[in-house]
>>> print(open('target26.cif').read())   # mmCIF, C-alpha atoms
data_target
#
loop_
_atom_site.label_atom_id
_atom_site.label_comp_id
_atom_site.auth_asym_id
_atom_site.auth_seq_id
_atom_site.Cartn_x
_atom_site.Cartn_y
_atom_site.Cartn_z
CA MET A 53 -17.45 4.79 -7.56
CA ARG A 54 -15.50 7.83 -8.54
CA ASN A 55 -13.33 6.71 -11.44
CA GLU A 56 -12.57 10.03 -13.19
CA MET A 57 -8.85 10.70 -13.27
CA THR A 58 -8.07 14.43 -13.56
CA LEU A 59 -4.53 13.87 -14.72
CA THR A 60 -3.84 15.99 -17.85
CA ARG A 61 -3.54 19.71 -17.16
CA VAL A 62 -3.96 22.55 -19.69
CA ALA A 63 -1.36 22.20 -22.46
CA VAL A 64 1.15 25.06 -22.61
CA ALA A 65 3.31 26.17 -25.53
CA ALA A 66 6.72 25.34 -24.06
CA ALA A 67 9.58 23.36 -25.52
CA ALA A 68 11.45 20.71 -23.53
CA LEU A 69 14.15 22.31 -21.39
CA MET A 70 17.51 20.92 -20.30
CA VAL A 71 17.60 19.21 -16.91
CA LEU A 72 18.76 21.81 -14.38
CA PRO A 73 18.51 21.99 -10.57
CA LEU A 74 15.36 23.72 -9.34
CA THR A 75 16.25 26.22 -6.66
CA ALA A 76 13.44 28.77 -6.87
CA GLN A 77 10.91 28.66 -4.02
CA GLY A 78 7.34 29.48 -4.96
CA GLN A 79 7.83 29.35 -8.74
CA ASN A 80 4.65 29.18 -10.83
CA TYR A 81 5.59 26.15 -12.89
CA VAL A 82 8.36 24.60 -14.97
CA TYR A 83 8.35 22.00 -17.76
CA ARG A 84 11.05 19.36 -17.96
CA SER A 85 11.57 15.78 -19.04
CA GLN A 86 13.40 15.09 -15.78
CA ILE A 87 13.15 16.70 -12.36
CA ASP A 88 15.40 16.26 -9.32
CA THR A 89 14.71 18.92 -6.71
CA THR A 90 13.82 19.68 -3.12
CA VAL A 91 11.38 22.40 -2.03
CA ARG A 92 10.05 23.45 1.35
CA LEU A 93 6.43 22.71 2.29
CA ASP A 94 4.47 24.16 5.18
CA LYS A 95 3.13 21.82 7.85
CA GLY A 96 -0.16 20.31 6.72
CA GLY A 97 0.51 21.13 3.06
CA THR A 98 -0.65 19.13 0.05
CA VAL A 99 1.25 17.10 -2.54
CA ASP A 100 -0.70 16.39 -5.76
CA LEU A 101 0.77 13.84 -8.19
CA GLY A 102 -0.79 12.60 -11.41
CA LEU A 103 0.44 10.60 -14.40
CA ILE A 104 -0.92 8.68 -17.38
CA SER A 105 1.42 5.67 -17.54
CA GLY A 106 4.02 4.70 -14.98
CA ASN A 107 4.40 4.39 -11.22
CA ILE A 108 4.04 6.72 -8.25
CA ARG A 109 5.91 6.04 -5.02
CA VAL A 110 5.64 8.38 -2.01
CA THR A 111 7.47 8.02 1.31
CA GLY A 112 7.08 10.06 4.47
CA TRP A 113 10.11 11.50 6.26
CA ASP A 114 10.91 13.88 9.13
CA ARG A 115 12.10 16.86 7.07
CA GLN A 116 9.81 19.80 6.28
CA GLU A 117 10.71 19.45 2.61
CA VAL A 118 9.44 17.66 -0.47
CA LYS A 119 12.07 15.85 -2.50
CA VAL A 120 10.99 15.04 -6.06
CA THR A 121 12.82 12.69 -8.43
CA ALA A 122 10.83 12.19 -11.62
CA SER A 123 11.32 11.37 -15.29
CA ILE A 124 9.21 10.72 -18.38
CA GLU A 125 10.13 8.84 -21.57
CA GLU A 126 8.06 11.02 -23.91
CA GLY A 127 6.21 14.22 -23.12
CA LEU A 128 6.81 16.75 -20.37
CA LEU A 129 6.57 16.97 -16.61
CA ARG A 130 4.80 20.01 -15.18
CA PHE A 131 6.09 20.96 -11.75
CA ASP A 132 4.38 23.64 -9.68
CA ALA A 133 5.42 24.45 -6.10
CA ASN A 134 4.66 26.96 -3.38
CA SER A 135 4.80 26.87 0.41
CA SER A 136 1.45 25.08 0.79
CA ARG A 137 1.16 22.85 -2.29
CA VAL A 138 3.40 20.87 -4.63
CA THR A 139 1.94 19.60 -7.91
CA LEU A 140 3.51 17.27 -10.47
CA SER A 141 1.73 16.09 -13.62
CA VAL A 142 2.40 15.05 -17.22
CA GLU A 143 1.57 16.73 -20.52
CA ARG A 144 2.24 16.42 -24.23
CA SER A 145 5.23 18.17 -25.69
CA ASP A 146 4.86 21.22 -27.93
CA GLU A 147 5.68 19.15 -31.01
CA ASP A 148 3.07 16.52 -30.22
CA ARG A 149 0.43 19.18 -29.64
CA HIS A 150 1.09 20.84 -32.99
CA ARG A 151 0.96 17.46 -34.76
CA ASN A 152 -2.19 16.53 -32.85
CA ARG A 153 -0.47 13.51 -31.33
CA HIS A 154 -1.44 12.30 -27.90
CA ASN A 155 1.86 10.67 -27.00
CA VAL A 156 2.75 10.71 -23.33
CA GLY A 157 5.38 8.17 -22.35
CA GLU A 158 5.86 6.19 -19.20
CA ALA A 159 6.78 8.25 -16.16
CA ARG A 160 8.21 7.49 -12.75
CA PHE A 161 7.65 9.63 -9.65
CA ASP A 162 9.67 9.05 -6.46
CA VAL A 163 8.70 11.61 -3.84
CA SER A 164 9.54 12.10 -0.16
CA VAL A 165 7.11 14.25 1.86
CA PRO A 166 6.96 15.65 5.40
CA ARG A 167 4.90 13.52 7.76
CA GLY A 168 1.39 14.92 8.01
CA THR A 169 1.22 15.96 4.35
CA LYS A 170 -2.05 15.46 2.52
CA LEU A 171 -1.58 13.29 -0.58
CA LEU A 172 -3.60 13.34 -3.82
CA LEU A 173 -2.28 10.55 -6.05
CA GLU A 174 -3.72 9.49 -9.43
CA ALA A 175 -2.57 7.17 -12.21
CA VAL A 176 -4.33 5.92 -15.32
CA SER A 177 -2.05 2.93 -16.00
CA GLY A 178 0.35 2.16 -13.19
CA ASP A 179 0.81 1.35 -9.53
CA VAL A 180 0.45 3.86 -6.71
CA VAL A 181 2.27 3.31 -3.40
CA ALA A 182 2.27 5.64 -0.36
CA THR A 183 4.12 4.73 2.84
CA GLY A 184 4.60 6.59 6.10
CA SER A 185 3.04 9.93 5.18
CA GLN A 186 0.90 10.03 8.36
CA GLY A 187 -1.61 12.36 6.76
CA GLU A 188 -4.77 12.07 4.69
CA VAL A 189 -4.37 10.05 1.49
CA ASP A 190 -6.50 9.91 -1.66
CA ALA A 191 -4.88 7.35 -3.99
CA ASN A 192 -6.41 6.09 -7.26
CA SER A 193 -5.46 4.05 -10.31
CA VAL A 194 -7.51 2.93 -13.30
CA SER A 195 -5.26 0.00 -14.22
CA GLY A 196 -2.82 -0.81 -11.45
CA ASP A 197 -2.45 -1.76 -7.80
CA VAL A 198 -2.83 0.80 -5.02
CA ARG A 199 -1.14 0.40 -1.62
CA VAL A 200 -1.31 2.84 1.28
CA THR A 201 0.39 2.42 4.66
CA ASP A 202 0.40 4.68 7.74
CA ALA A 203 -2.28 7.20 6.83
CA VAL A 204 -4.05 9.37 9.42
CA ARG A 205 -7.62 10.71 9.65
CA GLU A 206 -8.84 9.47 6.27
CA ALA A 207 -7.67 7.21 3.45
CA ASN A 208 -9.47 6.80 0.14
CA VAL A 209 -7.88 3.95 -1.85
CA GLN A 210 -9.36 2.90 -5.20
CA SER A 211 -8.54 0.94 -8.35
CA VAL A 212 -10.67 -0.08 -11.32
CA SER A 213 -8.48 -2.99 -12.48
CA GLY A 214 -6.07 -3.87 -9.71
CA SER A 215 -5.79 -4.84 -6.07
CA VAL A 216 -6.20 -2.39 -3.20
CA THR A 217 -4.24 -2.65 0.07
CA ALA A 218 -4.37 -0.43 3.14
CA ASN A 219 -2.34 -0.99 6.31
CA ARG A 220 -2.17 0.85 9.63
CA ILE A 221 -4.79 3.50 8.96
CA ASN A 222 -5.43 5.62 12.07
CA GLY A 223 -8.78 6.91 10.83
CA ASP A 224 -11.50 6.14 8.31
CA LEU A 225 -10.92 3.97 5.26
CA ARG A 226 -12.74 3.74 1.96
CA ALA A 227 -11.29 0.96 -0.22
CA GLU A 228 -12.77 0.03 -3.59
CA SER A 229 -11.90 -2.06 -6.63
CA VAL A 230 -13.90 -3.22 -9.64
CA SER A 231 -11.66 -6.12 -10.66
CA GLY A 232 -9.32 -6.94 -7.81
CA ASP A 233 -9.01 -7.89 -4.16
CA VAL A 234 -9.34 -5.49 -1.25
CA ARG A 235 -7.18 -6.09 1.82
CA ALA A 236 -6.92 -3.90 4.91
CA GLU A 237 -5.00 -4.44 8.16
CA GLU A 238 -5.04 -2.51 11.43
CA ILE A 239 -7.76 0.03 10.68
CA SER A 240 -9.09 2.04 13.64
CA GLY A 241 -11.87 4.11 12.06
CA LYS A 242 -14.91 3.58 9.88
CA ILE A 243 -14.36 0.98 7.14
CA GLU A 244 -16.10 0.87 3.78
CA ALA A 245 -14.74 -1.87 1.49
CA ASN A 246 -16.23 -2.85 -1.86
CA THR A 247 -15.24 -4.84 -4.93
CA VAL A 248 -17.10 -6.41 -7.83
CA SER A 249 -14.79 -9.28 -8.77
CA GLY A 250 -12.52 -10.08 -5.85
CA GLY A 251 -12.30 -10.95 -2.18
CA ILE A 252 -12.27 -8.67 0.85
CA ARG A 253 -9.91 -9.28 3.81
CA LEU A 254 -10.12 -7.09 6.90
CA ILE A 255 -7.52 -8.17 9.43
CA GLY A 256 -6.90 -6.71 12.89
CA ALA A 257 -9.73 -4.20 12.56
CA LYS A 258 -10.77 -2.02 15.50
CA SER A 259 -13.82 -0.27 14.16
CA ARG A 260 -17.41 0.35 15.24
CA ASP A 261 -18.69 0.88 11.68
CA VAL A 262 -17.85 -1.69 8.97
CA ARG A 263 -19.63 -2.03 5.62
CA THR A 264 -18.41 -4.49 2.99
CA GLU A 265 -19.79 -5.78 -0.29
CA THR A 266 -18.52 -8.01 -3.12
CA VAL A 267 -20.28 -9.71 -6.00
CA SER A 268 -17.80 -12.53 -6.62
CA GLY A 269 -15.50 -13.31 -3.72
CA ASP A 270 -15.16 -14.19 -0.04
CA ILE A 271 -15.32 -11.73 2.84
CA ILE A 272 -13.13 -12.37 5.87
CA TYR A 273 -13.30 -10.13 8.93
CA THR A 274 -10.91 -10.56 11.86
CA GLY A 275 -11.32 -7.86 14.46
CA THR A 276 -13.28 -6.46 17.37
CA ILE A 277 -17.01 -6.05 17.76
CA GLU A 278 -17.47 -2.74 19.56
CA PRO A 279 -20.53 -2.07 21.76
CA SER A 280 -23.20 -0.24 19.73
CA GLY A 281 -21.18 -0.91 16.55
CA ARG A 282 -22.67 -1.75 13.15
CA TYR A 283 -21.16 -4.46 10.91
CA ASP A 284 -22.53 -5.30 7.45
CA PHE A 285 -21.11 -8.05 5.22
CA GLU A 286 -22.60 -8.95 1.82
CA SER A 287 -21.33 -11.33 -0.88
CA HIS A 288 -23.32 -12.72 -3.78
CA SER A 289 -21.18 -15.81 -4.46
CA GLY A 290 -18.72 -16.27 -1.65
CA THR A 291 -18.24 -17.20 1.99
CA VAL A 292 -18.62 -14.64 4.77
CA ARG A 293 -16.35 -15.48 7.71
CA MET A 294 -15.99 -13.50 10.93
CA ASN A 295 -13.30 -14.22 13.54
CA ILE A 296 -14.29 -12.16 16.57
CA PRO A 297 -13.49 -12.14 20.33
CA ARG A 298 -15.31 -14.51 22.67
CA SER A 299 -16.51 -11.48 24.66
CA SER A 300 -18.39 -10.05 21.67
CA GLY A 301 -22.04 -9.16 22.04
CA ALA A 302 -24.36 -8.53 19.10
CA GLN A 303 -27.75 -8.95 17.54
CA VAL A 304 -26.99 -11.06 14.47
CA SER A 305 -29.00 -11.26 11.26
CA VAL A 306 -27.76 -13.75 8.64
CA GLU A 307 -29.16 -14.84 5.32
CA THR A 308 -27.97 -17.40 2.74
CA PHE A 309 -29.88 -19.01 -0.11
CA SER A 310 -27.80 -22.12 -0.86
CA GLY A 311 -25.22 -22.23 1.93
CA ASP A 312 -25.25 -22.95 5.62
CA VAL A 313 -24.57 -21.02 8.82
CA SER A 314 -22.21 -22.00 11.62
CA THR A 315 -20.98 -20.33 14.79
CA ASP A 316 -18.66 -21.12 17.71
CA PHE A 317 -20.80 -18.94 19.97
CA THR A 318 -23.72 -19.88 22.15
CA ALA A 319 -26.59 -18.23 20.31
CA THR A 320 -30.02 -17.33 21.62
CA MET A 321 -32.63 -17.74 18.91
CA GLN A 322 -36.38 -17.79 19.13
CA PRO A 323 -38.16 -20.34 16.86
CA ALA A 324 -40.05 -17.52 15.15
CA ASN A 325 -36.76 -16.04 13.96
CA ARG A 326 -36.02 -18.92 11.60
CA ARG A 327 -37.52 -18.47 8.16
CA ARG A 328 -37.78 -20.67 5.12
CA ASN A 329 -35.78 -18.34 2.94
CA GLY A 330 -32.60 -18.99 4.93
CA HIS A 331 -32.85 -15.92 7.13
CA PHE A 332 -31.90 -16.28 10.80
CA GLU A 333 -31.74 -13.85 13.68
CA PHE A 334 -30.04 -14.60 16.98
CA THR A 335 -28.18 -12.97 19.85
CA ILE A 336 -24.66 -13.56 21.14
CA GLY A 337 -23.43 -12.11 24.43
CA ASP A 338 -25.08 -8.89 25.55
CA GLY A 339 -26.43 -8.15 22.06
CA ARG A 340 -25.31 -4.50 22.05
CA ALA A 341 -23.78 -4.40 18.54
CA ARG A 342 -25.50 -5.21 15.26
CA ILE A 343 -24.13 -7.71 12.71
CA THR A 344 -25.69 -8.37 9.32
CA ALA A 345 -24.26 -11.03 6.96
CA GLN A 346 -25.70 -12.06 3.60
CA THR A 347 -24.58 -14.38 0.82
CA PHE A 348 -26.48 -16.03 -1.98
CA SER A 349 -24.34 -19.10 -2.66
CA GLY A 350 -21.85 -19.34 0.16
CA ARG A 351 -21.38 -20.15 3.83
CA ILE A 352 -21.64 -17.80 6.78
CA GLU A 353 -19.27 -18.52 9.67
CA ILE A 354 -19.00 -16.64 12.96
CA ASN A 355 -15.95 -17.94 14.80
CA ASP A 356 -14.41 -17.32 18.19
CA ASP A 357 -11.01 -15.84 17.30
CA ALA A 358 -9.34 -17.73 20.15
CA GLY A 359 -10.89 -21.00 19.05
CA SER A 360 -9.93 -20.35 15.44
CA SER A 361 -6.28 -19.52 16.18
CA THR A 362 -5.12 -22.59 14.30
CA ARG A 363 -6.72 -21.24 11.12
CA ARG A 364 -5.05 -18.58 9.01
CA ASP A 365 -6.86 -15.24 9.06
CA ASP A 366 -6.82 -15.06 5.29
CA GLU A 367 -7.81 -18.60 4.43
#
>>> encode(input="target26.cif", output="structure tokens")
Amino acid sequence: MRNEMTLTRVAVAAAALMVLPLTAQGQNYVYRSQIDTTVRLDKGGTVDLGLISGNIRVTGWDRQEVKVTASIEEGLLRFDANSSRVTLSVERSDEDRHRNRHNVGEARFDVSVPRGTKLLLEAVSGDVVATGSQGEVDANSVSGDVRVTDAVREANVQSVSGSVTANRINGDLRAESVSGDVRAEEISGKIEANTVSGGIRLIGAKSRDVRTETVSGDIIYTGTIEPSGRYDFESHSGTVRMNIPRSSGAQVSVETFSGDVSTDFTATMQPANRRRNGHFEFTIGDGRARITAQTFSGRIEINDDAGSSTRRDDE
């Protein structure tokens, strides 16, 4: 997992300036303790935001402008803008640098971006939230929750110590946490979801390529099984539950050491495909897709989503 946070830029000998409106377009950079400005961004441009401690919130809107409202308790904000890229980060003040102090206070970024903007969002200690950008999103936090909604083409959502949530992603999703849950709803592209200590919930998925893995937690998948699709679910100590349409067709390979296997579907299984180590292979429907489910100390359930309508998706 990529956990490096490239947040602190090269320190510059500049004293804290008074808070003034930023009107220049295409300036190199400015240093302030507070920023409240609007700059124009070309279609398909990039917004790059990074902080040490605090929260990042980004919202998409229909203007071809980036509106930035940001403040920091101690240290400086570095703001750099041109027609294709807007960058906001945090740095030590001149005084702290000269005294060899590493103080950077808590910051808050509230940013509105044109729909279709590419987002690069990074925090060391704090939450990251992106809503309605309708572009590619790469959002990361070391210690904090990460939530992304309405991304397009590709979303990369990661946290080391925190939960990860992705909703309405019209494209591929990579969602990872070390210590936290991963939840994704309404994903249409390839899904890769991983966590070490936490559960994985994929709800309303419409994907032909799903790969999930957790060490300590349940995996719940509610979604379609596409012809010729590949679906892999692996948990060391948790239940693997799939709620899929009655019309689904797949070759299914399941393995559990100390749990059992159940299915609502009529399964075709040859006697030779049952092994002593808890490995089973069987076919449902036309068998065109491929499903693999493994757990060491948990159950494996493959349910008809219509028959399981009385159960909550996330139970």
>>> resolve_selection(input="target26.cif", expression="the PyMOL selection byres ((chain A and resi 162-170) around 8)", output="PDB file with C-alpha atoms, in the frame of the given file")
ATOM      1  CA  LEU A  93       6.430  22.710   2.290  1.00  0.00           C
ATOM      2  CA  LYS A  95       3.130  21.820   7.850  1.00  0.00           C
ATOM      3  CA  GLY A  96      -0.160  20.310   6.720  1.00  0.00           C
ATOM      4  CA  GLY A  97       0.510  21.130   3.060  1.00  0.00           C
ATOM      5  CA  THR A  98      -0.650  19.130   0.050  1.00  0.00           C
ATOM      6  CA  VAL A  99       1.250  17.100  -2.540  1.00  0.00           C
ATOM      7  CA  ILE A 108       4.040   6.720  -8.250  1.00  0.00           C
ATOM      8  CA  ARG A 109       5.910   6.040  -5.020  1.00  0.00           C
ATOM      9  CA  VAL A 110       5.640   8.380  -2.010  1.00  0.00           C
ATOM     10  CA  THR A 111       7.470   8.020   1.310  1.00  0.00           C
ATOM     11  CA  GLY A 112       7.080  10.060   4.470  1.00  0.00           C
ATOM     12  CA  TRP A 113      10.110  11.500   6.260  1.00  0.00           C
ATOM     13  CA  ASP A 114      10.910  13.880   9.130  1.00  0.00           C
ATOM     14  CA  ARG A 115      12.100  16.860   7.070  1.00  0.00           C
ATOM     15  CA  GLN A 116       9.810  19.800   6.280  1.00  0.00           C
ATOM     16  CA  GLU A 117      10.710  19.450   2.610  1.00  0.00           C
ATOM     17  CA  VAL A 118       9.440  17.660  -0.470  1.00  0.00           C
ATOM     18  CA  LYS A 119      12.070  15.850  -2.500  1.00  0.00           C
ATOM     19  CA  VAL A 120      10.990  15.040  -6.060  1.00  0.00           C
ATOM     20  CA  THR A 121      12.820  12.690  -8.430  1.00  0.00           C
ATOM     21  CA  ALA A 122      10.830  12.190 -11.620  1.00  0.00           C
ATOM     22  CA  ARG A 160       8.210   7.490 -12.750  1.00  0.00           C
ATOM     23  CA  PHE A 161       7.650   9.630  -9.650  1.00  0.00           C
ATOM     24  CA  LEU A 171      -1.580  13.290  -0.580  1.00  0.00           C
ATOM     25  CA  LEU A 172      -3.600  13.340  -3.820  1.00  0.00           C
ATOM     26  CA  GLY A 184       4.600   6.590   6.100  1.00  0.00           C
ATOM     27  CA  SER A 185       3.040   9.930   5.180  1.00  0.00           C
ATOM     28  CA  GLN A 186       0.900  10.030   8.360  1.00  0.00           C
ATOM     29  CA  GLY A 187      -1.610  12.360   6.760  1.00  0.00           C
ATOM     30  CA  GLU A 188      -4.770  12.070   4.690  1.00  0.00           C
ATOM     31  CA  VAL A 189      -4.370  10.050   1.490  1.00  0.00           C
ATOM     32  CA  VAL A 204      -4.050   9.370   9.420  1.00  0.00           C
TER      33      VAL A 204
END
>>> atom_distance(input="target26.cif", atom1="atom CA of Gly157 of chain A", atom2="atom CA of Val138 of chain A")
21.9 Å
>>> axis_aligned_box(input="target26.cif", around="segment 112-131 of chain A", padding_each_side="6 Å", output="AutoDock Vina command-line options")
--center_x 8.8 --center_y 14.9 --center_z -7.4 --size_x 20.0 --size_y 24.1 --size_z 45.0
>>> atom_distance(input="target26.cif", atom1="atom CA of Gly127 of chain A", atom2="atom CA of Asp100 of chain A")
18.8 Å
>>> closest_residue(input="target26.cif", among="A:Ser195, A:Asn246, A:Thr183, A:Ser287", to="Ser211 of chain A", atoms="all atoms listed in the file")
A:Ser195
>>> build_atoms(input="target26.cif", residues="segment 114-139 of chain A", atoms="N, CA and C atoms", output="PDB file, in the frame of the given file")
ATOM      1  N   ASP A 114      11.004  12.911   8.046  1.00  0.00           N
ATOM      2  CA  ASP A 114      10.910  13.880   9.130  1.00  0.00           C
ATOM      3  C   ASP A 114      11.381  15.284   8.753  1.00  0.00           C
ATOM      4  N   ARG A 115      11.719  15.531   7.512  1.00  0.00           N
ATOM      5  CA  ARG A 115      12.100  16.860   7.070  1.00  0.00           C
ATOM      6  C   ARG A 115      10.868  17.635   6.608  1.00  0.00           C
ATOM      7  N   GLN A 116      10.927  18.969   6.738  1.00  0.00           N
ATOM      8  CA  GLN A 116       9.810  19.800   6.280  1.00  0.00           C
ATOM      9  C   GLN A 116      10.047  20.213   4.823  1.00  0.00           C
ATOM     10  N   GLU A 117      10.409  19.235   4.010  1.00  0.00           N
ATOM     11  CA  GLU A 117      10.710  19.450   2.610  1.00  0.00           C
ATOM     12  C   GLU A 117      10.113  18.325   1.765  1.00  0.00           C
ATOM     13  N   VAL A 118       9.866  18.655   0.513  1.00  0.00           N
ATOM     14  CA  VAL A 118       9.440  17.660  -0.470  1.00  0.00           C
ATOM     15  C   VAL A 118      10.582  17.441  -1.444  1.00  0.00           C
ATOM     16  N   LYS A 119      11.023  16.202  -1.532  1.00  0.00           N
ATOM     17  CA  LYS A 119      12.070  15.850  -2.500  1.00  0.00           C
ATOM     18  C   LYS A 119      11.409  15.111  -3.654  1.00  0.00           C
ATOM     19  N   VAL A 120      11.627  15.602  -4.868  1.00  0.00           N
ATOM     20  CA  VAL A 120      10.990  15.040  -6.060  1.00  0.00           C
ATOM     21  C   VAL A 120      12.072  14.540  -7.019  1.00  0.00           C
ATOM     22  N   THR A 121      11.999  13.262  -7.369  1.00  0.00           N
ATOM     23  CA  THR A 121      12.820  12.690  -8.430  1.00  0.00           C
ATOM     24  C   THR A 121      11.853  12.087  -9.438  1.00  0.00           C
ATOM     25  N   ALA A 122      11.821  12.629 -10.650  1.00  0.00           N
ATOM     26  CA  ALA A 122      10.830  12.190 -11.620  1.00  0.00           C
ATOM     27  C   ALA A 122      11.400  12.259 -13.027  1.00  0.00           C
ATOM     28  N   SER A 123      10.893  11.369 -13.884  1.00  0.00           N
ATOM     29  CA  SER A 123      11.320  11.370 -15.290  1.00  0.00           C
ATOM     30  C   SER A 123      10.172  10.845 -16.138  1.00  0.00           C
ATOM     31  N   ILE A 124      10.218  11.188 -17.437  1.00  0.00           N
ATOM     32  CA  ILE A 124       9.210  10.720 -18.380  1.00  0.00           C
ATOM     33  C   ILE A 124       9.903  10.388 -19.691  1.00  0.00           C
ATOM     34  N   GLU A 125       9.486   9.290 -20.345  1.00  0.00           N
ATOM     35  CA  GLU A 125      10.130   8.840 -21.570  1.00  0.00           C
ATOM     36  C   GLU A 125       9.762   9.730 -22.755  1.00  0.00           C
ATOM     37  N   GLU A 126       8.521  10.170 -22.823  1.00  0.00           N
ATOM     38  CA  GLU A 126       8.060  11.020 -23.910  1.00  0.00           C
ATOM     39  C   GLU A 126       6.991  11.954 -23.370  1.00  0.00           C
ATOM     40  N   GLY A 127       7.095  13.223 -23.684  1.00  0.00           N
ATOM     41  CA  GLY A 127       6.210  14.220 -23.120  1.00  0.00           C
ATOM     42  C   GLY A 127       6.954  15.091 -22.141  1.00  0.00           C
ATOM     43  N   LEU A 128       6.220  15.819 -21.319  1.00  0.00           N
ATOM     44  CA  LEU A 128       6.810  16.750 -20.370  1.00  0.00           C
ATOM     45  C   LEU A 128       6.224  16.577 -18.988  1.00  0.00           C
ATOM     46  N   LEU A 129       7.029  16.906 -17.993  1.00  0.00           N
ATOM     47  CA  LEU A 129       6.570  16.970 -16.610  1.00  0.00           C
ATOM     48  C   LEU A 129       6.265  18.430 -16.281  1.00  0.00           C
ATOM     49  N   ARG A 130       5.111  18.666 -15.672  1.00  0.00           N
ATOM     50  CA  ARG A 130       4.800  20.010 -15.180  1.00  0.00           C
ATOM     51  C   ARG A 130       4.953  20.002 -13.668  1.00  0.00           C
ATOM     52  N   PHE A 131       5.812  20.864 -13.183  1.00  0.00           N
ATOM     53  CA  PHE A 131       6.090  20.960 -11.750  1.00  0.00           C
ATOM     54  C   PHE A 131       5.707  22.347 -11.263  1.00  0.00           C
ATOM     55  N   ASP A 132       4.887  22.381 -10.225  1.00  0.00           N
ATOM     56  CA  ASP A 132       4.380  23.640  -9.680  1.00  0.00           C
ATOM     57  C   ASP A 132       4.501  23.560  -8.166  1.00  0.00           C
ATOM     58  N   ALA A 133       5.181  24.531  -7.534  1.00  0.00           N
ATOM     59  CA  ALA A 133       5.420  24.450  -6.100  1.00  0.00           C
ATOM     60  C   ALA A 133       5.288  25.810  -5.440  1.00  0.00           C
ATOM     61  N   ASN A 134       4.622  25.818  -4.284  1.00  0.00           N
ATOM     62  CA  ASN A 134       4.660  26.960  -3.380  1.00  0.00           C
ATOM     63  C   ASN A 134       4.702  26.429  -1.960  1.00  0.00           C
ATOM     64  N   SER A 135       4.585  27.293  -0.979  1.00  0.00           N
ATOM     65  CA  SER A 135       4.800  26.870   0.410  1.00  0.00           C
ATOM     66  C   SER A 135       3.711  25.942   0.934  1.00  0.00           C
ATOM     67  N   SER A 136       2.552  25.902   0.288  1.00  0.00           N
ATOM     68  CA  SER A 136       1.450  25.080   0.790  1.00  0.00           C
ATOM     69  C   SER A 136       1.071  23.914  -0.107  1.00  0.00           C
ATOM     70  N   ARG A 137       1.574  23.896  -1.360  1.00  0.00           N
ATOM     71  CA  ARG A 137       1.160  22.850  -2.290  1.00  0.00           C
ATOM     72  C   ARG A 137       2.253  22.584  -3.311  1.00  0.00           C
ATOM     73  N   VAL A 138       2.479  21.304  -3.575  1.00  0.00           N
ATOM     74  CA  VAL A 138       3.400  20.870  -4.630  1.00  0.00           C
ATOM     75  C   VAL A 138       2.604  19.994  -5.585  1.00  0.00           C
ATOM     76  N   THR A 139       2.696  20.321  -6.895  1.00  0.00           N
ATOM     77  CA  THR A 139       1.940  19.600  -7.910  1.00  0.00           C
ATOM     78  C   THR A 139       2.886  19.114  -9.001  1.00  0.00           C
TER      79      THR A 139
END
